[in-house]
Amino acid sequence: MQPDESPDTPARPPAAPLPASIPDAVPAPRRRWSMAQAIWLVPLVAVLAVGWLAASEWLQRGPSITIRFATGEGIEAGKTRIKYRNVDVGQVSAVRLAPDLKGVLVTAQMERNAAPLLVDDTRFWVVRARVAGGEVSGLTTLLSGAYIGVDGGKSEETRRSFTGLETQPVVSVDEAGKEFVLQASSLGSLEIGSAVYFRRVRVGQVLSADLSPDGQGLRLRVFVRAPYDRFVSSNARFWHASGVDVSFDASTGLRLRTESLLSVLVGGVAFETPAELDASTPAEAGTTFNLFEGQAAALRRGAAQVLEYTAVFTDSVRGLAVGAPVEFKGFVIGEVASLGIRFDREGGGFAFPVKLHIYRDTAATVAAREATARRTDDGNGARFPIERLLSGRSVDRGLRAQLRSANLLTGQRYVAIDFFPEHRGEKVAGLSEGQREIPTVQDAFGELQAQVARIAKRLEEVPFEKLAGDMSKALVGIEGAARSVETTMGGLQGEVVPSVRQTLDEVRGAVKDVRGLLAQDAPLPQDVRGAMQDLSRAADAIRQLADTLERQPESLLRGKRETELEPAR
């Protein structure tokens with residue numbers, strides 16, 4: 001027992017024997033990251049990812065713009081997209097009322113690559129489903145909702161505040177072509193987007209229609225696409241091509257004109273350069289033209305292409321209208337420009353002055369044909385001035401103007417200029433040298449009626465009753481002479497041959513027959529009176545026929561109206 005051990009302490013086991021040598025201690029490698037430490041990497045990576053996304057968004061983010069619209073219909077913040085050529089270039093971020101409460105302000109965030117579009121003349125509008133000018137657009141918005149369209153401008157001045165359009169523009173800024181202005185008296189069936197036609201080919205559209213500053217007309221802006229804009233010459237004429245143009249022409253009858261089925265439904269504008277005008281010089285952009293009501297009015301000659309003459313008629317001008325043709329031997333050389341009425345104090349009647357526009361080019365061609373046929377040209381080839389055809393010398397040769405019927409069904413009439421031999425050398429009163437007036441003659445119905453009236457008047461002037469009395473007296477004298485001869489022959493009865501007696505009997509029979517013919521109740525005087533009455537009735541019937549045809553030309557086909565067949569009570 002060791003001296004420091006107590007009796008209660010258990011005995012220790014004997015210590016193991018020490019090895020002969022002790023190895024050196026080697027330290028174990030320590031771990032740099034424990035599991036608890038690695039979990040902090042997750043938020044760090046998330047922060048880095050968010051930072052990267054934010055930086056990428058900031059780098060792609062373009063400028064912010066403001067667009068003012070009249071209403072906010074269909075526009076939603078965070079949902080409505082902004083598209084250029086159907087590609088997303090931005091998104092609406094906020095929609096609020098304008099400070100003046102008269103519109104809405106739309107704030108949109110644009111992409112960086114859309115920055116070049118934000119210039120002074122860029123246009124914005126809300127794309128919705130619409131029908132205009134016969135075209136349907138924006139149908140996709142019925143499912144996806146409205147979006148804001150962009151039409152990039154060409155200006156170099158940047159801008160961040162815009163005023164949106166209420167309707168989609170018809171053409172884009174970068175579309176090639178020319179814009180023209182049309183002045184019209186009425187809009188008709190035209191609207192924004194209506195088509196513009198050239199020879200029935202659609203070449204453009206109507207951009208806008210506004211009242212003129214004085215309110216007396218309309219100003220329309222039309223756009224003609226390239227390359228068709230070169231066909232709009234400085235002498236071009238524009239007219240309404242809306243609907244169906246139905247007209248009764250005095251020379252060709254019924255005429256039906258239309259550009260296309262679409263123009264019949266929604267209207268349109270057509271243009272063309274008259275054949276007699278120069279079409280080689282294209283019109284400049286912005287040129288102003290007049291918009292005519294129809295093709296006939298548009299292609300009518302201008303004041304510089306016509307010569308103005310006057311023809312004064314005394315017959316009724318019923319059926320003659322402005323635009324009716326003026327013909328010379330079947331060729332149309334002009335048209336009626338206006339109709340008038342005046343009172344003749346000297347004659348106590350009314351006259352109807354008709355203003356005629358004679359075409360310089362067409363009439364000269366017709367006159368040249370006449371001159372060539374007669375070999376009386378003036379040495380300038382085919383040129384023959386129309387003034388020579390309608391000169392005072394031609395009037396002395398019997399040149400006159402006459403109203404003639406062009407269509408018995410419609411009652412339309414035209415002015416015919418021709419030579420009348422019976423008026424050759426006739427001096428016309430009231431015409432002075434250099435005065436552009438063409439003398440007139442009665443129309444065909446008037447001449448026929450006048451001739452029948454003259455015949456009836458001459459027959460009425462024949463003294464049939466006096467002639468009958470004179471013939472009766474002559475017969476009495478003949479009868480007395482016959483009796484004297486008979487008495488003489490009675491004394492010479494024995495000497496007269498039987499043939500003489502037979503001759504006297506024949507003379508007596510002839511005298512009796514003549515007396516019977518000239519008696520009051522004899523057929524001959526009655527037949528003569530009946531013939532005179534028939535002629536008078538024929539003259540009245542022709543006069544009534546002329547009046548009826550003048551008032552109702554369609555009666556040749558349909559007959560007289562029932563109300564006119566019954567006598568007035």
# chains A, B, ... in the order shown; residues from 1 in each chain; ligands from 1
call {"tool": "select_by_dssp", "arguments": {"residues": "stretch 131-345 of chain A", "states": "strand (DSSP E)", "output": "JSON, numbers by chain"}}
result
{"A": [131, 132, 135, 136, 137, 147, 148, 149, 150, 151, 161, 162, 163, 177, 178, 179, 180, 181, 182, 183, 184, 195, 196, 197, 198, 201, 202, 203, 204, 205, 206, 207, 208, 209, 210, 211, 218, 219, 220, 221, 222, 223, 224, 225, 237, 238, 239, 240, 245, 246, 247, 248, 249, 253, 254, 255, 256, 257, 268, 269, 270, 271, 272, 288, 289, 290, 291, 292, 306, 307, 308, 309, 310, 311, 312, 313, 325, 326, 327, 328, 331, 332, 333, 334, 335, 336, 337, 338, 339, 342, 343, 344]}
call {"tool": "atom_distance", "arguments": {"atom1": "atom CA of A:Leu187", "atom2": "atom CA of A:Trp239"}}
result
11.3 Å
call {"tool": "residues_around", "arguments": {"residues": "A:Leu390", "least_positions_apart": "5", "cutoff": "8 Å", "atoms": "only C-alpha atoms", "output": "PyMOL selection string"}}
result
chain A and resi 395+399+438
call {"tool": "closest_residue", "arguments": {"among": "A:Gly153, A:Ala481, A:Ala146, A:Gly90", "to": "A:Asp120", "atoms": "only C-alpha atoms"}}
result
A:Gly153
